[in-house]
>>> print(open('target35.txt').read())   # compact mmCIF, C-alpha atoms and all ligand atoms
# COMPACT_ATOMS: atom_id res chain seq x y z
CA MET A 1 154.87 70.85 -11.89
CA HIS A 2 154.23 69.09 -8.63
CA SER A 3 155.86 70.43 -5.55
CA ILE A 4 157.85 67.93 -3.56
CA SER A 5 157.99 68.23 0.17
CA VAL A 6 161.27 67.24 1.72
CA VAL A 7 160.49 64.25 3.91
CA THR A 8 163.24 62.35 5.65
CA ARG A 9 162.81 58.68 6.37
CA SER A 10 162.41 59.24 10.09
CA VAL A 11 159.86 62.04 9.70
CA TYR A 12 157.96 59.88 7.26
CA HIS A 13 157.96 56.99 9.71
CA SER A 14 156.56 59.06 12.50
CA ARG A 15 153.74 59.94 10.11
CA MET A 16 153.30 56.33 9.04
CA TYR A 17 152.86 55.06 12.56
CA SER A 18 150.76 57.82 14.10
CA VAL A 19 147.69 55.65 14.52
CA ARG A 20 144.86 57.08 16.61
CA PRO A 21 144.10 54.69 19.48
CA ALA A 22 140.54 53.32 19.43
CA THR A 23 139.78 54.36 23.01
CA SER A 24 136.10 55.11 22.43
CA LEU A 25 135.11 51.45 22.21
CA VAL A 26 133.56 49.56 25.12
CA ASN A 27 135.98 46.82 26.17
CA ASN A 28 134.60 45.48 29.45
CA ASN A 29 134.10 41.95 28.16
CA GLN A 30 135.89 39.48 25.92
CA GLY A 31 133.72 40.20 22.87
CA GLY A 32 134.36 43.92 23.31
CA LEU A 33 138.11 43.36 23.48
CA ALA A 34 138.06 41.18 20.38
CA LYS A 35 136.04 43.84 18.55
CA GLU A 36 138.41 46.54 19.69
CA THR A 37 141.43 44.55 18.49
CA LEU A 38 139.74 44.05 15.13
CA TYR A 39 138.77 47.73 14.96
CA ARG A 40 142.30 48.86 15.82
CA SER A 41 143.81 46.62 13.15
CA GLN A 42 141.27 47.95 10.63
CA ILE A 43 142.23 51.54 11.47
CA ARG A 44 145.91 50.63 11.17
CA THR A 45 145.41 48.92 7.80
CA TYR A 46 143.25 51.78 6.57
CA ASN A 47 145.79 54.43 7.71
CA ALA A 48 148.70 52.45 6.25
CA SER A 49 146.96 52.16 2.89
CA MET A 50 146.05 55.88 2.92
CA GLN A 51 149.68 56.73 3.76
CA SER A 52 150.94 54.44 1.05
CA GLU A 53 148.57 56.09 -1.46
CA SER A 54 149.85 59.55 -0.49
CA ALA A 55 153.47 58.30 -0.69
CA LYS A 56 152.77 56.97 -4.19
CA LYS A 57 151.32 60.35 -5.22
CA GLU A 58 154.41 62.11 -3.87
CA PHE A 59 156.60 59.62 -5.74
CA VAL A 60 154.71 60.26 -8.99
CA GLY A 61 155.24 64.03 -8.50
CA ALA A 62 158.98 63.44 -8.08
CA CYS A 63 159.13 61.37 -11.30
CA HIS A 64 157.42 64.21 -13.18
CA LYS A 65 159.89 66.65 -11.64
CA VAL A 66 162.85 64.50 -12.81
CA ALA A 67 161.44 64.56 -16.34
CA GLY A 68 160.72 68.31 -16.09
CA TYR A 69 164.45 68.94 -15.59
CA GLY A 70 165.22 67.01 -18.80
CA LEU A 71 167.02 64.23 -16.96
CA VAL A 72 165.24 61.40 -18.83
CA SER A 73 163.54 60.84 -22.16
CA CYS A 74 160.69 58.45 -22.87
CA SER A 75 161.25 55.17 -21.02
CA SER A 76 164.87 55.91 -20.03
CA GLY A 77 165.69 56.34 -16.37
CA ASN A 78 164.07 55.11 -13.18
CA LEU A 79 163.57 56.25 -9.61
CA SER A 80 163.32 54.62 -6.18
CA TRP A 81 162.36 55.92 -2.73
CA GLN A 82 162.71 54.07 0.57
CA ILE A 83 159.57 54.85 2.55
CA GLU A 84 160.03 52.34 5.38
CA PRO A 85 163.01 50.32 6.66
CA ASP A 86 161.83 47.37 4.56
CA THR A 87 159.79 49.00 1.78
CA VAL A 88 160.86 50.84 -1.36
CA LEU A 89 158.74 52.44 -4.08
CA LEU A 90 160.10 52.04 -7.63
CA SER A 91 158.97 53.18 -11.05
CA ALA A 92 157.48 50.27 -13.01
CA SER A 93 159.32 48.49 -15.79
CA GLY A 94 159.05 50.30 -19.12
CA SER A 95 157.27 53.32 -17.62
CA TRP A 96 157.94 56.88 -18.79
CA LEU A 97 158.79 59.03 -15.77
CA ALA A 98 157.24 62.10 -17.45
CA GLU A 99 153.88 60.34 -17.60
CA LEU A 100 154.10 58.01 -14.60
CA THR A 101 150.79 57.25 -12.87
CA VAL A 102 150.07 55.89 -9.38
CA GLY A 103 149.27 52.56 -11.07
CA GLN A 104 152.88 52.39 -12.29
CA VAL A 105 154.46 52.52 -8.85
CA ALA A 106 155.83 49.20 -7.57
CA ALA A 107 156.29 48.65 -3.82
CA CYS A 108 159.07 46.16 -3.09
CA GLU A 109 160.55 44.55 -0.01
CA ILE A 110 164.14 45.67 0.33
CA GLU A 111 165.62 42.36 1.57
CA SER A 112 163.96 39.91 -0.80
CA GLY A 113 163.27 42.27 -3.72
CA GLN A 114 159.78 40.79 -3.77
CA CYS A 115 157.08 43.09 -5.13
CA LEU A 116 154.27 43.65 -2.63
CA ASN A 117 151.61 45.12 -4.92
CA GLY A 118 151.62 42.97 -8.05
CA LYS A 119 153.53 45.45 -10.25
CA VAL A 120 156.74 44.77 -12.18
CA PRO A 121 159.46 47.18 -11.01
CA THR A 122 162.20 48.55 -13.27
CA CYS A 123 164.61 45.82 -14.44
CA GLU A 124 167.33 47.77 -12.57
CA SER A 125 165.60 47.31 -9.20
CA VAL A 126 168.43 45.09 -7.86
CA TYR A 127 170.95 47.92 -7.65
CA HIS A 128 168.35 50.41 -6.40
CA LEU A 129 167.55 48.10 -3.47
CA GLY A 130 171.24 47.25 -2.94
CA ILE A 131 172.28 50.91 -2.69
CA LEU A 132 169.40 51.74 -0.31
CA LYS A 133 170.27 48.74 1.86
CA ASN A 134 173.95 49.72 2.16
CA ARG A 135 173.55 53.47 2.62
CA PRO A 136 171.30 54.40 5.57
CA GLU A 137 171.59 58.12 4.78
CA VAL A 138 170.35 57.58 1.21
CA ASN A 139 166.58 57.41 0.63
CA VAL A 140 166.38 58.15 -3.09
CA VAL A 141 168.19 56.59 -6.08
CA LEU A 142 167.83 58.22 -9.49
CA HIS A 143 168.99 56.59 -12.71
CA PHE A 144 169.02 59.24 -15.45
CA GLN A 145 170.20 59.88 -18.99
CA SER A 146 170.60 63.61 -19.48
CA PRO A 147 172.09 64.61 -22.87
CA TYR A 148 175.54 66.03 -22.02
CA ALA A 149 176.36 63.71 -19.12
CA THR A 150 175.36 60.70 -21.25
CA ALA A 151 177.57 62.00 -24.09
CA ILE A 152 180.46 62.12 -21.59
CA ALA A 153 179.58 58.57 -20.45
CA CYS A 154 180.05 57.40 -24.05
CA GLY A 155 183.61 58.77 -24.38
CA GLU A 156 186.94 58.56 -22.56
CA THR A 157 186.28 59.59 -18.96
CA ASP A 158 189.80 59.11 -17.57
CA GLY A 159 191.40 62.40 -16.60
CA ILE A 160 188.27 64.57 -16.94
CA ASN A 161 188.09 67.21 -14.22
CA PHE A 162 184.38 67.78 -13.55
CA ASN A 163 184.94 70.59 -11.02
CA MET A 164 183.73 73.34 -13.33
CA THR A 165 181.23 75.00 -11.02
CA ILE A 166 181.22 75.13 -7.23
CA GLU A 167 178.26 72.73 -7.02
CA VAL A 168 180.33 69.76 -8.21
CA PRO A 169 182.78 69.63 -5.27
CA VAL A 170 180.09 70.74 -2.79
CA TYR A 171 177.34 68.26 -3.72
CA ILE A 172 178.90 65.54 -5.86
CA GLY A 173 182.63 65.12 -5.23
CA THR A 174 184.35 62.66 -7.56
CA PRO A 175 181.96 60.59 -9.69
CA ALA A 176 182.49 56.82 -9.73
CA ILE A 177 182.94 55.12 -13.11
CA VAL A 178 181.22 51.80 -13.85
CA PRO A 179 182.36 49.96 -17.01
CA TYR A 180 179.75 48.96 -19.59
CA LEU A 181 177.80 45.89 -18.50
CA PRO A 182 174.45 44.70 -19.91
CA PRO A 183 171.46 46.65 -18.52
CA GLY A 184 169.45 44.70 -15.98
CA SER A 185 172.27 42.15 -15.52
CA ASP A 186 173.51 40.83 -12.18
CA GLU A 187 177.04 41.96 -13.14
CA LEU A 188 175.87 45.55 -13.59
CA ALA A 189 173.91 45.45 -10.33
CA ARG A 190 176.96 44.12 -8.46
CA ALA A 191 179.30 46.74 -9.96
CA VAL A 192 176.89 49.60 -9.16
CA ILE A 193 176.22 48.39 -5.61
CA ASP A 194 179.97 48.12 -5.12
CA VAL A 195 180.86 51.71 -6.10
CA PHE A 196 178.07 53.09 -3.92
CA LYS A 197 179.34 51.20 -0.86
CA ASP A 198 181.70 54.16 -0.51
CA SER A 199 179.81 56.84 1.42
CA GLU A 200 181.73 59.49 -0.60
CA THR A 201 180.08 58.30 -3.84
CA HIS A 202 177.09 60.47 -4.72
CA LEU A 203 177.03 59.95 -8.48
CA ALA A 204 178.18 57.23 -10.88
CA ILE A 205 178.80 57.28 -14.62
CA LEU A 206 177.73 54.02 -16.28
CA LYS A 207 179.80 53.75 -19.47
CA ASN A 208 177.68 53.89 -22.67
CA HIS A 209 174.53 53.76 -20.57
CA GLY A 210 173.76 56.72 -18.31
CA LEU A 211 174.14 57.96 -14.74
CA ILE A 212 172.99 57.35 -11.18
CA SER A 213 172.71 59.93 -8.41
CA VAL A 214 171.68 59.30 -4.81
CA GLY A 215 170.32 61.59 -2.12
CA LYS A 216 168.60 61.90 1.24
CA ASP A 217 165.44 63.05 -0.55
CA PHE A 218 164.14 63.70 -4.07
CA ASN A 219 165.54 67.22 -4.40
CA ASP A 220 168.97 66.12 -3.20
CA ALA A 221 169.23 63.37 -5.86
CA ILE A 222 167.72 65.61 -8.56
CA GLN A 223 170.02 68.57 -7.95
CA LYS A 224 173.13 66.37 -8.05
CA ALA A 225 171.98 65.13 -11.47
CA VAL A 226 171.19 68.65 -12.72
CA PHE A 227 174.51 70.11 -11.46
CA PHE A 228 176.47 67.25 -13.02
CA GLU A 229 174.65 67.73 -16.33
CA MET A 230 175.60 71.42 -16.22
CA ALA A 231 179.30 70.59 -15.64
CA CYS A 232 179.23 68.13 -18.56
CA ARG A 233 177.59 70.74 -20.80
CA ILE A 234 180.32 73.25 -19.94
CA ILE A 235 183.04 70.64 -20.65
CA LEU A 236 181.54 69.70 -24.02
CA THR A 237 180.53 73.13 -25.28
CA ASP A 238 183.13 75.62 -24.02
CA PRO A 239 186.66 74.95 -25.28
CA ASN A 240 187.92 77.78 -23.01
CA ALA A 241 186.38 76.42 -19.80
CA LYS A 242 188.85 75.78 -17.00
CA PRO A 243 188.01 73.81 -13.86
CA LEU A 244 188.36 75.29 -10.35
CA ASP A 245 191.86 75.02 -8.93
CA ASP A 246 192.65 72.17 -6.51
CA ASP A 247 192.75 74.45 -3.46
CA ALA A 248 189.27 75.80 -4.12
CA VAL A 249 187.99 72.28 -4.75
CA LYS A 250 189.39 71.03 -1.42
CA ARG A 251 187.76 73.92 0.45
CA LEU A 252 184.41 73.42 -1.29
CA HIS A 253 184.57 69.71 -0.60
CA LYS A 254 184.73 70.49 3.13
CA VAL A 255 181.69 72.77 2.77
CA GLY A 256 179.82 69.87 1.16
CA ALA A 257 180.88 67.38 3.83
CA LYS A 258 179.48 69.67 6.57
CA ALA A 259 176.16 70.25 4.76
ZN ZN A 301 169.55 51.90 -17.43
>>> encode(input="target35.txt", output="structure tokens", more="lines below")
Ligand SMILES: [Zn+2]
Amino acid sequence: MHSISVVTRSVYHSRMYSVRPATSLVNNNQGGLAKETLYRSQIRTYNASMQSESAKKEFVGACHKVAGYGLVSCSSGNLSWQIEPDTVLLSASGSWLAELTVGQVAACEIESGQCLNGKVPTCESVYHLGILKNRPEVNVVLHFQSPYATAIACGETDGINFNMTIEVPVYIGTPAIVPYLPPGSDELARAVIDVFKDSETHLAILKNHGLISVGKDFNDAIQKAVFFEMACRIILTDPNAKPLDDDAVKRLHKVGAKA
């Protein structure tokens, strides 16, 4: 399994823009200056493309990690990562996260949704980009379909208390519920973007479809998905399971808010 380094957007940016100045060139005449300008822009383009290649590799590693935790099967699920204020990497349409390659990573402009590298992003790219645009602290959006959480998403969700283990109030809070709407539709995108406008929403259940978790980095989004799957497994498999009491939940919620 690939190891994923925790890179915040700002740290990543400082890496992206650390371009070595081309001071060694002679620039005492106009031709020299023009050459230097050209050389600098070549270095910048070269560094940017190298950085974008390494970001894609890191993204591919994260997709494999998602699959390694059993959060998706075959072509279900998709992942996005904001690497620059205006650029997001997304898994390609129809791709299997377990087997994703660098060639299946789409780079899209956040405002227009336009793909910058000729790939076709997941058909759910609209809500990925919408969430990332509205939530500055979120850099990763994970759409997953783990077995127990998806089973819960297919039944009555009203009145379920998910606070089985301490991780739910600490990392997730109360999941948002999105009614069934056709996958890839504008209606679904709007409904998802809407529930994630609330900065307290870290995970959403999409009825008869799957789930979405968000995080500051890959591990943050992945662990929310894994902890929620565990709570759903407890709910569905242990008839004696009792959730934490309200007092404990309130206290743990505060711990999560400070983290
Ligand atoms: Zn979906």
>>> residues_near_ligand(input="target35.txt", ligand="ligand ZN 301 (chain A)", cutoff="12 Å", atoms="all atoms listed in the file", output="JSON, numbers by chain")
{"A": [72, 73, 75, 76, 77, 78, 79, 93, 94, 122, 123, 124, 125, 126, 127, 128, 142, 143, 144, 145, 146, 150, 180, 181, 182, 183, 184, 185, 188, 189, 192, 205, 206, 207, 208, 209, 210, 211, 212]}
>>> closest_residue(input="target35.txt", among="A:Ala248, A:Val140, A:Ile222, A:Val60", to="Ala106 of chain A", atoms="only C-alpha atoms")
A:Val60
>>> closest_residue(input="target35.txt", among="A:Gly130, A:Pro243, A:Gly159, A:Pro175", to="Ser80 of chain A", atoms="all atoms listed in the file")
A:Gly130
>>> closest_residue(input="target35.txt", among="A:Tyr171, A:Phe227, A:Phe196, A:Phe162", to="Ala241 of chain A", atoms="all atoms listed in the file")
A:Phe162
>>> atom_distance(input="target35.txt", atom1="atom CA of Glu156 of chain A", atom2="atom CA of Val195 of chain A")
18.8 Å
>>> closest_residue(input="target35.txt", among="A:Glu137, A:Glu58, A:Asp86, A:Asp158", to="Val102 of chain A", atoms="all atoms listed in the file")
A:Glu58
>>> residues_near_point(input="target35.txt", point="(183.3, 71.3, -8.3)", cutoff="9 Å", atoms="all atoms listed in the file", output="PyMOL selection string")
chain A and resi 161-174+231+243-244+248-249+252-253
>>> write_last_selection(input="target35.txt", atoms="C-alpha atoms", output="PDB file, in the frame of the given file")
ATOM      1  CA  ASN A 161     188.090  67.210 -14.220  1.00  0.00           C
ATOM      2  CA  PHE A 162     184.380  67.780 -13.550  1.00  0.00           C
ATOM      3  CA  ASN A 163     184.940  70.590 -11.020  1.00  0.00           C
ATOM      4  CA  MET A 164     183.730  73.340 -13.330  1.00  0.00           C
ATOM      5  CA  THR A 165     181.230  75.000 -11.020  1.00  0.00           C
ATOM      6  CA  ILE A 166     181.220  75.130  -7.230  1.00  0.00           C
ATOM      7  CA  GLU A 167     178.260  72.730  -7.020  1.00  0.00           C
ATOM      8  CA  VAL A 168     180.330  69.760  -8.210  1.00  0.00           C
ATOM      9  CA  PRO A 169     182.780  69.630  -5.270  1.00  0.00           C
ATOM     10  CA  VAL A 170     180.090  70.740  -2.790  1.00  0.00           C
ATOM     11  CA  TYR A 171     177.340  68.260  -3.720  1.00  0.00           C
ATOM     12  CA  ILE A 172     178.900  65.540  -5.860  1.00  0.00           C
ATOM     13  CA  GLY A 173     182.630  65.120  -5.230  1.00  0.00           C
ATOM     14  CA  THR A 174     184.350  62.660  -7.560  1.00  0.00           C
ATOM     15  CA  ALA A 231     179.300  70.590 -15.640  1.00  0.00           C
ATOM     16  CA  PRO A 243     188.010  73.810 -13.860  1.00  0.00           C
ATOM     17  CA  LEU A 244     188.360  75.290 -10.350  1.00  0.00           C
ATOM     18  CA  ALA A 248     189.270  75.800  -4.120  1.00  0.00           C
ATOM     19  CA  VAL A 249     187.990  72.280  -4.750  1.00  0.00           C
ATOM     20  CA  LEU A 252     184.410  73.420  -1.290  1.00  0.00           C
ATOM     21  CA  HIS A 253     184.570  69.710  -0.600  1.00  0.00           C
TER      22      HIS A 253
END
>>> closest_residue(input="target35.txt", among="A:Ala55, A:Val138, A:Cys74, A:Leu132", to="Trp96 of chain A", atoms="only C-alpha atoms")
A:Cys74
>>> residues_near_point(input="target35.txt", point="(171.5, 63.0, 0.5)", cutoff="8 Å", atoms="all atoms listed in the file", output="JSON, numbers by chain")
{"A": [137, 138, 139, 140, 214, 215, 216, 217, 220, 221]}
>>> atom_distance(input="target35.txt", atom1="atom CA of Ala67 of chain A", atom2="atom CA of Leu97 of chain A")
6.2 Å
>>> atom_distance(input="target35.txt", atom1="atom CA of Ile193 of chain A", atom2="atom CA of Asn134 of chain A")
8.2 Å
>>> residues_around(input="target35.txt", residues="segment 107-121 of chain A", least_positions_apart="4", cutoff="6 Å", atoms="all atoms listed in the file", output="PyMOL selection string")
chain A and resi 86-90+92-93+129
>>> closest_residue(input="target35.txt", among="A:Ala149, A:Ile131, A:Ala98, A:Met230", to="His202 of chain A", atoms="all atoms listed in the file")
A:Ile131
